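Structure below is entry-v4.txt: compact mmCIF, C-alpha atoms.
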# COMPACT_ATOMS: atom_id res chain seq x y z
CA MET A 1 144.56 68.05 56.61
CA GLU A 2 146.82 65.42 58.17
CA GLU A 3 148.64 65.06 54.84
CA LYS A 4 149.17 68.84 54.71
CA ILE A 5 150.49 68.86 58.28
CA THR A 6 152.85 66.00 57.52
CA GLU A 7 154.06 67.76 54.38
CA LEU A 8 154.64 71.05 56.25
CA THR A 9 156.48 69.26 59.04
CA ARG A 10 158.67 67.48 56.48
CA LEU A 11 159.32 70.78 54.72
CA LEU A 12 160.34 72.48 57.97
CA ALA A 13 162.76 69.65 58.76
CA ALA A 14 164.13 69.92 55.24
CA LEU A 15 164.62 73.66 55.64
CA ASP A 16 166.54 73.04 58.84
CA THR A 17 168.81 70.54 57.09
CA ALA A 18 169.34 72.97 54.21
CA LEU A 19 170.16 75.80 56.61
CA GLU A 20 172.65 73.61 58.49
CA LYS A 21 174.38 72.70 55.25
CA ASP A 22 174.32 76.34 54.12
CA MET A 23 175.86 77.47 57.41
CA LYS A 24 178.63 74.93 56.89
CA ASP A 25 179.08 76.19 53.29
CA ILE A 26 177.95 72.87 51.85
CA ASP A 27 175.95 73.34 48.66
CA LEU A 28 173.04 71.03 48.05
CA ASN A 29 172.88 69.52 44.61
CA GLU A 30 169.61 69.29 42.71
CA ASP A 31 168.94 65.70 43.79
CA GLU A 32 169.46 66.59 47.46
CA MET A 33 167.14 69.60 47.10
CA ARG A 34 164.50 67.40 45.48
CA GLU A 35 164.86 64.80 48.24
CA LEU A 36 164.51 67.44 50.96
CA PHE A 37 161.77 69.62 49.50
CA GLY A 38 159.99 67.46 46.95
CA ASP A 39 159.57 68.01 43.22
CA SER A 40 156.92 70.72 43.26
CA TYR A 41 158.74 72.92 45.76
CA THR A 42 162.16 72.33 44.21
CA GLU A 43 160.89 73.47 40.81
CA HIS A 44 160.15 76.92 42.19
CA PHE A 45 162.59 77.17 45.11
CA GLU A 46 165.00 79.66 43.55
CA GLU A 47 162.12 81.65 42.06
CA TYR A 48 160.34 81.92 45.43
CA GLN A 49 163.53 82.74 47.27
CA ALA A 50 164.50 85.43 44.74
CA GLU A 51 160.98 86.89 44.74
CA ALA A 52 160.87 87.09 48.54
CA GLU A 53 164.27 88.74 48.69
CA ASP A 54 163.33 91.19 45.90
CA ARG A 55 160.10 92.14 47.66
CA TRP A 56 161.35 92.30 51.23
CA GLY A 57 165.13 91.93 51.20
CA GLN A 58 165.80 95.53 52.21
CA THR A 59 163.26 95.58 55.03
CA GLU A 60 164.13 95.26 58.68
CA ALA A 61 161.57 92.44 58.96
CA TRP A 62 163.43 90.40 56.30
CA LYS A 63 166.79 91.03 57.93
CA GLU A 64 165.45 90.10 61.35
CA SER A 65 163.80 86.95 60.00
CA GLN A 66 167.04 85.91 58.32
CA ARG A 67 168.98 86.59 61.52
CA ARG A 68 166.59 84.54 63.65
CA THR A 69 165.96 81.58 61.36
CA THR A 70 169.60 80.87 60.56
CA ALA A 71 170.09 79.96 64.22
CA TYR A 72 167.08 77.63 64.49
CA THR A 73 167.59 73.98 65.23
CA GLN A 74 165.45 71.10 64.05
CA GLU A 75 163.75 71.24 67.45
CA ASP A 76 162.91 74.92 66.91
CA TRP A 77 161.40 74.15 63.50
CA ALA A 78 159.35 71.36 65.06
CA LYS A 79 158.01 73.84 67.64
CA ILE A 80 157.21 76.34 64.88
CA SER A 81 155.39 73.64 62.93
CA ALA A 82 153.39 72.54 65.98
CA GLU A 83 152.42 76.12 66.80
CA THR A 84 151.41 76.73 63.19
CA GLU A 85 149.19 73.65 63.26
CA GLU A 86 147.61 74.79 66.53
CA ASN A 87 146.99 78.30 65.19
CA ASN A 88 145.39 76.88 62.05
CA ARG A 89 143.19 74.70 64.23
CA LEU A 90 142.09 77.73 66.26
CA ILE A 91 140.96 79.70 63.20
CA LEU A 92 139.34 76.61 61.66
CA ASP A 93 137.43 75.95 64.90
CA ALA A 94 136.04 79.49 64.84
CA MET A 95 135.09 79.20 61.19
CA ASP A 96 133.56 75.74 61.58
CA ALA A 97 131.50 76.97 64.54
CA GLY A 98 129.94 79.54 62.21
CA LEU A 99 131.34 82.45 64.21
CA PRO A 100 131.81 85.77 62.44
CA ALA A 101 135.38 86.81 61.66
CA ASP A 102 135.09 89.62 64.21
CA SER A 103 134.10 87.24 67.01
CA GLU A 104 136.30 87.02 70.08
CA GLN A 105 137.37 83.46 69.15
CA ALA A 106 138.33 84.34 65.56
CA MET A 107 140.21 87.47 66.63
CA ALA A 108 142.02 85.47 69.33
CA ALA A 109 143.13 83.00 66.64
CA ALA A 110 144.35 85.87 64.45
CA GLU A 111 146.21 87.33 67.43
CA ALA A 112 147.83 83.95 68.15
CA MET A 113 149.10 83.91 64.56
CA ARG A 114 150.46 87.45 64.91
CA VAL A 115 152.22 86.61 68.18
CA HIS A 116 153.68 83.45 66.59
CA MET A 117 155.23 85.46 63.75
CA ASP A 118 156.41 88.14 66.17
CA HIS A 119 158.10 85.53 68.37
CA TRP A 120 159.71 83.37 65.70
CA PHE A 121 160.34 85.57 62.68
CA PHE A 122 160.05 89.37 62.96
CA PRO A 123 158.29 92.09 64.92
CA ILE A 124 154.78 92.50 63.56
CA ASP A 125 152.19 95.05 64.60
CA GLY A 126 148.53 95.16 63.64
CA LYS A 127 149.08 97.25 60.51
CA PHE A 128 151.76 94.89 59.21
CA HIS A 129 149.55 91.91 60.02
CA LYS A 130 146.67 93.48 58.05
CA ASN A 131 148.98 93.74 55.03
CA LEU A 132 149.83 90.05 55.36
CA GLY A 133 146.14 89.21 55.69
CA ASP A 134 145.45 91.10 52.46
CA MET A 135 148.20 89.12 50.75
CA TYR A 136 146.50 85.87 51.84
CA VAL A 137 143.58 86.70 49.53
CA GLN A 138 145.44 88.62 46.81
CA ASP A 139 148.30 86.22 46.04
CA PRO A 140 147.01 82.91 44.64
CA ARG A 141 149.86 80.93 46.21
CA PHE A 142 149.12 82.20 49.71
CA MET A 143 145.40 81.87 49.15
CA LYS A 144 145.82 78.23 48.10
CA THR A 145 147.61 77.44 51.36
CA TYR A 146 144.53 78.41 53.36
CA GLU A 147 141.92 77.28 50.84
CA ASP A 148 143.50 73.81 50.89
CA LEU A 149 142.72 73.67 54.61
CA ARG A 150 139.12 74.80 54.13
CA PRO A 151 137.39 76.63 51.28
CA GLY A 152 136.74 80.22 52.32
CA LEU A 153 139.43 80.19 55.03
CA ALA A 154 141.72 82.73 53.32
CA GLN A 155 139.00 85.40 53.33
CA TYR A 156 137.81 84.47 56.81
CA LEU A 157 141.35 84.68 58.19
CA ARG A 158 141.97 87.99 56.41
CA ASP A 159 138.80 89.41 57.95
CA ALA A 160 139.72 88.10 61.43
CA ILE A 161 143.18 89.66 61.12
CA HIS A 162 141.65 93.00 60.15
CA ALA A 163 139.12 92.86 63.00
CA ASN A 164 141.86 92.00 65.49
CA ALA A 165 144.19 94.75 64.25
CA ASP A 166 141.37 97.29 64.41
CA ARG A 167 140.62 96.17 67.97
CA MET A 168 144.30 96.52 68.91
CA ALA A 169 144.43 100.03 67.45
CA ARG A 170 141.51 101.24 69.60
Please express what this file holds, its structure, as structure tokens.
Amino acid sequence: MEEKITELTRLLAALDTALEKDMKDIDLNEDEMRELFGDSYTEHFEEYQAEAEDRWGQTEAWKESQRRTTAYTQEDWAKISAETEENNRLILDAMDAGLPADSEQAMAAAEAMRVHMDHWFFPIDGKFHKNLGDMYVQDPRFMKTYEDLRPGLAQYLRDAIHANADRMAR
């Protein structure tokens, strides 16, 4: 888990550097991209970026996320990374304690994740969050992110997100 946290922190710092260069109209060459993001990410960077823009590029959430993140500093990305780590710890604690996904602790962790996205990236209500939760178990790449932290976490998190959104809707 520490290796994953270190890798995510490094990736966030690399994204910040890339954004700074992009804002200054400085193109990164392939070697610089590889140095910043690593081989595995660099291989699929353009593919992932194009896919995300194709899927969500016309949405207000995408536009808002682009507007917000282009202004973030390295310090902002470090805060985002730290909050992400804390939110992952919260959901893992609930899971490791054997609590059901609809427990107060698991739903509070799901809510912390929703608030994090709402604050840093785009407005997100319960319905939107449920859609993201579904994607965490339907898209193998997203699922792997959570399964690498703990087997079964993707489904547990999805269920906690749904329980929290249903609670919010009542």
Could you state the separation of atom CA of A:Lys127 and atom CA of A:Asn164 in Å, given to one decimal place? 10.2 Å
Can you find the residues with an atom no farther than 12 Å from (133.8, 78.5, 53.9), counting only C-alpha atoms, and report them as a JSON list (two decimals) with C-alpha atoms, in the frame of the given file?
[["chain", "number", "residue", "atom", "x", "y", "z"],
["A", 91, "ILE", "CA", 140.96, 79.70, 63.20],
["A", 92, "LEU", "CA", 139.34, 76.61, 61.66],
["A", 93, "ASP", "CA", 137.43, 75.95, 64.90],
["A", 94, "ALA", "CA", 136.04, 79.49, 64.84],
["A", 95, "MET", "CA", 135.09, 79.20, 61.19],
["A", 96, "ASP", "CA", 133.56, 75.74, 61.58],
["A", 97, "ALA", "CA", 131.50, 76.97, 64.54],
["A", 98, "GLY", "CA", 129.94, 79.54, 62.21],
["A", 99, "LEU", "CA", 131.34, 82.45, 64.21],
["A", 100, "PRO", "CA", 131.81, 85.77, 62.44],
["A", 101, "ALA", "CA", 135.38, 86.81, 61.66],
["A", 146, "TYR", "CA", 144.53, 78.41, 53.36],
["A", 147, "GLU", "CA", 141.92, 77.28, 50.84],
["A", 148, "ASP", "CA", 143.50, 73.81, 50.89],
["A", 149, "LEU", "CA", 142.72, 73.67, 54.61],
["A", 150, "ARG", "CA", 139.12, 74.80, 54.13],
["A", 151, "PRO", "CA", 137.39, 76.63, 51.28],
["A", 152, "GLY", "CA", 136.74, 80.22, 52.32],
["A", 153, "LEU", "CA", 139.43, 80.19, 55.03],
["A", 154, "ALA", "CA", 141.72, 82.73, 53.32],
["A", 155, "GLN", "CA", 139.00, 85.40, 53.33],
["A", 156, "TYR", "CA", 137.81, 84.47, 56.81],
["A", 157, "LEU", "CA", 141.35, 84.68, 58.19]]
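Taking atom CA of A:Gln105 as the reference point, atom CA of A:Leu90 is found at 8.0 Å.
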Using only C-alpha atoms, which protein or nucleic acid residues come within 12 Å of A:His119? Drop anything in the same chain fewer than 2 positions from it, and give the result as JSON, numbers by chain. {"A": [64, 65, 68, 69, 76, 79, 80, 83, 112, 113, 114, 115, 116, 117, 121, 122, 123, 124, 125]}
Go ahead and dump the residues you just picked, C-alpha atoms, as a JSON list (two decimals), keeping the file's coordinate frame.
[["chain", "number", "residue", "atom", "x", "y", "z"],
["A", 64, "GLU", "CA", 165.45, 90.10, 61.35],
["A", 65, "SER", "CA", 163.80, 86.95, 60.00],
["A", 68, "ARG", "CA", 166.59, 84.54, 63.65],
["A", 69, "THR", "CA", 165.96, 81.58, 61.36],
["A", 76, "ASP", "CA", 162.91, 74.92, 66.91],
["A", 79, "LYS", "CA", 158.01, 73.84, 67.64],
["A", 80, "ILE", "CA", 157.21, 76.34, 64.88],
["A", 83, "GLU", "CA", 152.42, 76.12, 66.80],
["A", 112, "ALA", "CA", 147.83, 83.95, 68.15],
["A", 113, "MET", "CA", 149.10, 83.91, 64.56],
["A", 114, "ARG", "CA", 150.46, 87.45, 64.91],
["A", 115, "VAL", "CA", 152.22, 86.61, 68.18],
["A", 116, "HIS", "CA", 153.68, 83.45, 66.59],
["A", 117, "MET", "CA", 155.23, 85.46, 63.75],
["A", 121, "PHE", "CA", 160.34, 85.57, 62.68],
["A", 122, "PHE", "CA", 160.05, 89.37, 62.96],
["A", 123, "PRO", "CA", 158.29, 92.09, 64.92],
["A", 124, "ILE", "CA", 154.78, 92.50, 63.56],
["A", 125, "ASP", "CA", 152.19, 95.05, 64.60]]
Report, in Å with one decimal, the straight-line distance from atom CA of A:Lys144 to atom CA of A:Ser81.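 Between atom CA of A:Lys144 and atom CA of A:Ser81 the gap works out to 18.2 Å.
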Some atoms are absent from stretch 148-170 of chain A, so rebuild N, CA, C and O atoms and return them as a PDB file, in the frame of the given file.
ATOM      1  N   ASP A 148     143.289  75.256  50.818  1.00  0.00           N
ATOM      2  CA  ASP A 148     143.500  73.810  50.890  1.00  0.00           C
ATOM      3  C   ASP A 148     143.085  73.257  52.255  1.00  0.00           C
ATOM      4  O   ASP A 148     142.721  72.090  52.367  1.00  0.00           O
ATOM      5  N   LEU A 149     143.160  74.096  53.284  1.00  0.00           N
ATOM      6  CA  LEU A 149     142.720  73.670  54.610  1.00  0.00           C
ATOM      7  C   LEU A 149     141.193  73.672  54.699  1.00  0.00           C
ATOM      8  O   LEU A 149     140.601  72.773  55.282  1.00  0.00           O
ATOM      9  N   ARG A 150     140.581  74.706  54.128  1.00  0.00           N
ATOM     10  CA  ARG A 150     139.120  74.800  54.130  1.00  0.00           C
ATOM     11  C   ARG A 150     138.716  75.900  53.145  1.00  0.00           C
ATOM     12  O   ARG A 150     139.218  77.022  53.243  1.00  0.00           O
ATOM     13  N   PRO A 151     137.853  75.588  52.205  1.00  0.00           N
ATOM     14  CA  PRO A 151     137.390  76.630  51.280  1.00  0.00           C
ATOM     15  C   PRO A 151     136.790  77.814  52.051  1.00  0.00           C
ATOM     16  O   PRO A 151     136.033  77.628  53.001  1.00  0.00           O
ATOM     17  N   GLY A 152     137.209  79.005  51.672  1.00  0.00           N
ATOM     18  CA  GLY A 152     136.740  80.220  52.320  1.00  0.00           C
ATOM     19  C   GLY A 152     137.621  80.676  53.473  1.00  0.00           C
ATOM     20  O   GLY A 152     137.427  81.771  54.017  1.00  0.00           O
ATOM     21  N   LEU A 153     138.606  79.845  53.870  1.00  0.00           N
ATOM     22  CA  LEU A 153     139.430  80.190  55.030  1.00  0.00           C
ATOM     23  C   LEU A 153     140.298  81.417  54.775  1.00  0.00           C
ATOM     24  O   LEU A 153     140.480  82.233  55.681  1.00  0.00           O
ATOM     25  N   ALA A 154     140.834  81.585  53.585  1.00  0.00           N
ATOM     26  CA  ALA A 154     141.720  82.730  53.320  1.00  0.00           C
ATOM     27  C   ALA A 154     140.986  84.043  53.606  1.00  0.00           C
ATOM     28  O   ALA A 154     141.516  84.918  54.304  1.00  0.00           O
ATOM     29  N   GLN A 155     139.777  84.173  53.101  1.00  0.00           N
ATOM     30  CA  GLN A 155     139.000  85.400  53.330  1.00  0.00           C
ATOM     31  C   GLN A 155     138.615  85.538  54.790  1.00  0.00           C
ATOM     32  O   GLN A 155     138.698  86.625  55.364  1.00  0.00           O
ATOM     33  N   TYR A 156     138.203  84.454  55.404  1.00  0.00           N
ATOM     34  CA  TYR A 156     137.810  84.470  56.810  1.00  0.00           C
ATOM     35  C   TYR A 156     138.989  84.903  57.687  1.00  0.00           C
ATOM     36  O   TYR A 156     138.852  85.761  58.571  1.00  0.00           O
ATOM     37  N   LEU A 157     140.158  84.336  57.421  1.00  0.00           N
ATOM     38  CA  LEU A 157     141.350  84.680  58.190  1.00  0.00           C
ATOM     39  C   LEU A 157     141.726  86.143  57.966  1.00  0.00           C
ATOM     40  O   LEU A 157     142.029  86.865  58.907  1.00  0.00           O
ATOM     41  N   ARG A 158     141.677  86.585  56.720  1.00  0.00           N
ATOM     42  CA  ARG A 158     141.970  87.990  56.410  1.00  0.00           C
ATOM     43  C   ARG A 158     141.039  88.896  57.206  1.00  0.00           C
ATOM     44  O   ARG A 158     141.462  89.878  57.813  1.00  0.00           O
ATOM     45  N   ASP A 159     139.767  88.582  57.237  1.00  0.00           N
ATOM     46  CA  ASP A 159     138.800  89.410  57.950  1.00  0.00           C
ATOM     47  C   ASP A 159     139.037  89.379  59.455  1.00  0.00           C
ATOM     48  O   ASP A 159     138.899  90.404  60.133  1.00  0.00           O
ATOM     49  N   ALA A 160     139.416  88.216  59.993  1.00  0.00           N
ATOM     50  CA  ALA A 160     139.720  88.100  61.430  1.00  0.00           C
ATOM     51  C   ALA A 160     140.969  88.908  61.779  1.00  0.00           C
ATOM     52  O   ALA A 160     141.019  89.572  62.824  1.00  0.00           O
ATOM     53  N   ILE A 161     141.960  88.872  60.907  1.00  0.00           N
ATOM     54  CA  ILE A 161     143.180  89.660  61.120  1.00  0.00           C
ATOM     55  C   ILE A 161     142.847  91.146  61.143  1.00  0.00           C
ATOM     56  O   ILE A 161     143.301  91.887  62.026  1.00  0.00           O
ATOM     57  N   HIS A 162     142.039  91.588  60.190  1.00  0.00           N
ATOM     58  CA  HIS A 162     141.650  93.000  60.150  1.00  0.00           C
ATOM     59  C   HIS A 162     140.872  93.389  61.396  1.00  0.00           C
ATOM     60  O   HIS A 162     141.122  94.454  61.982  1.00  0.00           O
ATOM     61  N   ALA A 163     139.913  92.560  61.806  1.00  0.00           N
ATOM     62  CA  ALA A 163     139.120  92.860  63.000  1.00  0.00           C
ATOM     63  C   ALA A 163     140.016  92.935  64.231  1.00  0.00           C
ATOM     64  O   ALA A 163     139.876  93.837  65.070  1.00  0.00           O
ATOM     65  N   ASN A 164     140.956  92.009  64.345  1.00  0.00           N
ATOM     66  CA  ASN A 164     141.860  92.000  65.490  1.00  0.00           C
ATOM     67  C   ASN A 164     142.769  93.229  65.485  1.00  0.00           C
ATOM     68  O   ASN A 164     142.962  93.867  66.519  1.00  0.00           O
ATOM     69  N   ALA A 165     143.313  93.585  64.340  1.00  0.00           N
ATOM     70  CA  ALA A 165     144.190  94.750  64.250  1.00  0.00           C
ATOM     71  C   ALA A 165     143.432  96.022  64.582  1.00  0.00           C
ATOM     72  O   ALA A 165     143.959  96.910  65.271  1.00  0.00           O
ATOM     73  N   ASP A 166     142.200  96.122  64.097  1.00  0.00           N
ATOM     74  CA  ASP A 166     141.370  97.290  64.410  1.00  0.00           C
ATOM     75  C   ASP A 166     141.093  97.369  65.914  1.00  0.00           C
ATOM     76  O   ASP A 166     141.137  98.455  66.509  1.00  0.00           O
ATOM     77  N   ARG A 167     140.845  96.209  66.524  1.00  0.00           N
ATOM     78  CA  ARG A 167     140.620  96.170  67.970  1.00  0.00           C
ATOM     79  C   ARG A 167     141.873  96.606  68.717  1.00  0.00           C
ATOM     80  O   ARG A 167     141.801  97.372  69.672  1.00  0.00           O
ATOM     81  N   MET A 168     143.040  96.145  68.271  1.00  0.00           N
ATOM     82  CA  MET A 168     144.300  96.520  68.910  1.00  0.00           C
ATOM     83  C   MET A 168     144.572  98.011  68.798  1.00  0.00           C
ATOM     84  O   MET A 168     145.146  98.611  69.708  1.00  0.00           O
ATOM     85  N   ALA A 169     144.167  98.612  67.687  1.00  0.00           N
ATOM     86  CA  ALA A 169     144.430 100.030  67.450  1.00  0.00           C
ATOM     87  C   ALA A 169     143.536 100.938  68.319  1.00  0.00           C
ATOM     88  O   ALA A 169     143.888 102.094  68.541  1.00  0.00           O
ATOM     89  N   ARG A 170     142.422 100.408  68.776  1.00  0.00           N
ATOM     90  CA  ARG A 170     141.510 101.240  69.600  1.00  0.00           C
ATOM     91  C   ARG A 170     142.028 101.418  70.993  1.00  0.00           C
ATOM     92  O   ARG A 170     142.693 100.756  71.604  1.00  0.00           O
TER      93      ARG A 170
END
